[in-house]
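Contents: one structure, followed by commentary.
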Amino acid sequence: MSTEKDRRKKDETAPEHFPVASSVDPAPPRQIKIAGAVTSVQGLIGVVVAIVLVIRALAGHEETAISGYGTAAWFGIIFGGVLVGGVALWAGRRWGRSIALVAQILLLPVAYYLYTSGITVVAVPMALISATVLVMLFSGPSARWLAGDSDPDL
C-alpha cells in the first residue's frame with residue numbers, strides 16, 4: 001500500500017504524456033466575436049446618447065424631471081463599461097463575457113417595457129438582438145472557449 005507521501009511524490013514525477021497547458025489563449029470562436037461586436041455597438045449607442053445629452057444641456061435645454069448632465073454621466077459610465085466589455089470580448093478576453101451577459105440580461109426587461117409602452121419598432125429588435133447574443137454567449141463553442149479548451153470550434 002502506498003502512503004499519501006508516496007502518491008504526491010509520484011505525481012511530481014508524472015510522465016510526459018500529460019498535456020501541459022499552453023500559456024497562449026486559443027482564439028475565440030465566431031460566436032464570441034459576433035457577441036463582442038454587437039455588445040460594442042450597444043455600448044457605443046449608449047455613449048452617443050450621453051454625448052447628445054451633454055450637448056443638449058450645454059445648449060440650454062432643461063428638463064424639470066431629470067438632469068441632462070446627471071443622465072449623461074450615468075449613460076457614459078454604464079454604457080462606457082459595456083463598450084469596453086464588448087471590445088474586450090471581441091479581442092478574446094474572457095472577462096468581457098460577464099459584462100456582455102449582464103448587459104443583455106438587463107436589456108431584455110427594457111425591451112419588454114418598450115413593448116408594453118407601444119414602442120414595438122424598437123422593442124422587438126432589441127429583444128431579438130439581446131436574446132441572440134445570450135444564445136451565442138451560452139453556446140457550446142463559447143462555453144468550451146471560456147473553459148480554456150484548446151479547440152473551441154469542435
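Please note that chains go A, B, ... in the order of the C-alpha cells, that every chain numbers its residues from 1, and that ligands are numbered from 1 in the order shown.
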
I'd like the neighbourhood of Val47 in chain A as a VMD selection string, where a residue qualifies if any of its atoms comes within 6 Å (using only C-alpha atoms), though same-chain residues fewer than 2 positions away should be ignored. chain A and resid 44 to 45 49 to 50 76 79

Skipping near chain neighbours, those fewer than 2 positions away, what residues fall within 12 Å of Pro109 in chain A using only C-alpha atoms, listed as a list in words? Val102, Ala103, Gln104, Ile105, Leu106, Leu107, Ala111, Tyr112, Tyr113, Leu114, Tyr115, Thr116, Ala123, Val124, Met126, Ala127, Ser130 and Ala131 of chain A

Apply DSSP to the structure's backbone, then extract all residues of range 50-109 of chain A labelled helix (DSSP H, G or I) and return them as a ChimeraX atom specification. /A:50-58,68-90,96-109

Distance criterion (only C-alpha atoms): nearest to Leu108 in chain A out of A:Ile129, A:Ala65, A:Ala35, A:Ala88: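 Counting only C-alpha atoms, the residue closest to Leu108 in chain A is A:Ile129.
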
Tell me which of A:Gly86, A:Gly140, A:Gly80, A:Pro29 sits closest to Ser98 in chain A, counting only C-alpha atoms.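 So, comparing all the options, the nearest one is A:Gly86.
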
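The nearest approach to Ile99 in chain A among the residues A:Val84, A:Ile119, A:Ile66, A:Leu128, with only C-alpha atoms taken into account, belongs to A:Val84.
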
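Nearest to Phe138 in chain A of all the residues A:Val48, A:Ile32, A:Ile55, A:Pro26 is A:Ile32, based on only C-alpha atoms.
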
Figure out the distance between CA of Ala72 in chain A and CA of Val110 in chain A, please, to one decimal in Å.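 Here the two named atoms are 18.1 Å from each other.
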
Please report the interatomic distance between CA of Leu53 in chain A and CA of Gly68 in chain A in Å with one decimal. 5.6 Å

Rank nothing, just name the residue among A:Lys33, A:Thr64, A:Ala73, A:Trp145 nearest to Val52 in chain A, using only C-alpha atoms.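 Closest candidate: A:Ala73.
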
With distances taken over only C-alpha atoms, which residue among A:Ser67, A:Ser40, A:Gln31, A:Ser117 lies nearest Val133 in chain A? A:Gln31

The distance between CA of Pro125 in chain A and CA of Phe75 in chain A is 20.7 Å
